[in-house]
Amino acid sequence: MAETHGYDVSIEWTGNLGTGTDGYRTFSRSHEILAEGKAPIAASADPAFRGDRSRWNPEELLVATVAQCHMLWYLHLCANAGITVIDYEDDAHGVMTMDEHGGGGQLTEVTLRPRVTVTDPATIDEANALHSKIHEVCFIARSVNFPIHHKPEAHVL
């Protein structure tokens, strides 16, 4: 039997401004993402959809999730390959394309820009190449239906 893992989160709407959803413009999109034993994440809609700019929105969280999973697998693969990484940063970018009718949209691509610092100059080429292998193993990358591009840069300490 295949191994499975479950992930439980709760969403709690905090945006009732006193009259609930009696009108499209009369309620806040604010909510919290909760999980047992973890600090809540303050979230909202994208500001383009009447959301609070100071809170995380679902689209940002999805882009962050893609970047997180990529980083975690990358560090794993580097450790297995004997590449010592001492710093990793990524400025990920996602693109949402709205449909022509204005009723919806979808993420159509994510570009990851990982900047990695390694200790051995001889490992730079392999360190950059490992990014292309992550699509084969990353749980999130294997679950989404949009392309994930990589523009890695490896540097030496």
# chains A, B, ... in the order shown; residues from 1 in each chain; ligands from 1
$ residues_around --residues "His131 (chain A)" --least-positions-apart "5" --cutoff "8 Å" --atoms "only C-alpha atoms" --output "list of chain:residue names"
A:His70, A:Tyr74, A:His150, A:Pro152
$ select_by_dssp --residues "chain A" --states "strand (DSSP E or B)" --output "ChimeraX atom specification"
/A:10-13,31-34,41-43,56,85-90,93-98,105-112,114-118,148-150,153-156
$ residues_around --residues "Gly105 (chain A)" --least-positions-apart "5" --cutoff "12 Å" --atoms "only C-alpha atoms" --output "ChimeraX atom specification"
/A:59,95-100
$ closest_residue --among "A:His31, A:Arg25, A:His135, A:His149" --to "Phe49 (chain A)" --atoms "only C-alpha atoms"
A:Arg25
$ closest_residue --among "A:Cys69, A:Thr84, A:His93, A:Arg113" --to "Ser143 (chain A)" --atoms "only C-alpha atoms"
A:Cys69
$ residues_around --residues "Tyr88 (chain A)" --least-positions-apart "2" --cutoff "9 Å" --atoms "only C-alpha atoms" --output "ChimeraX atom specification"
/A:71,75,85-86,90,114-117
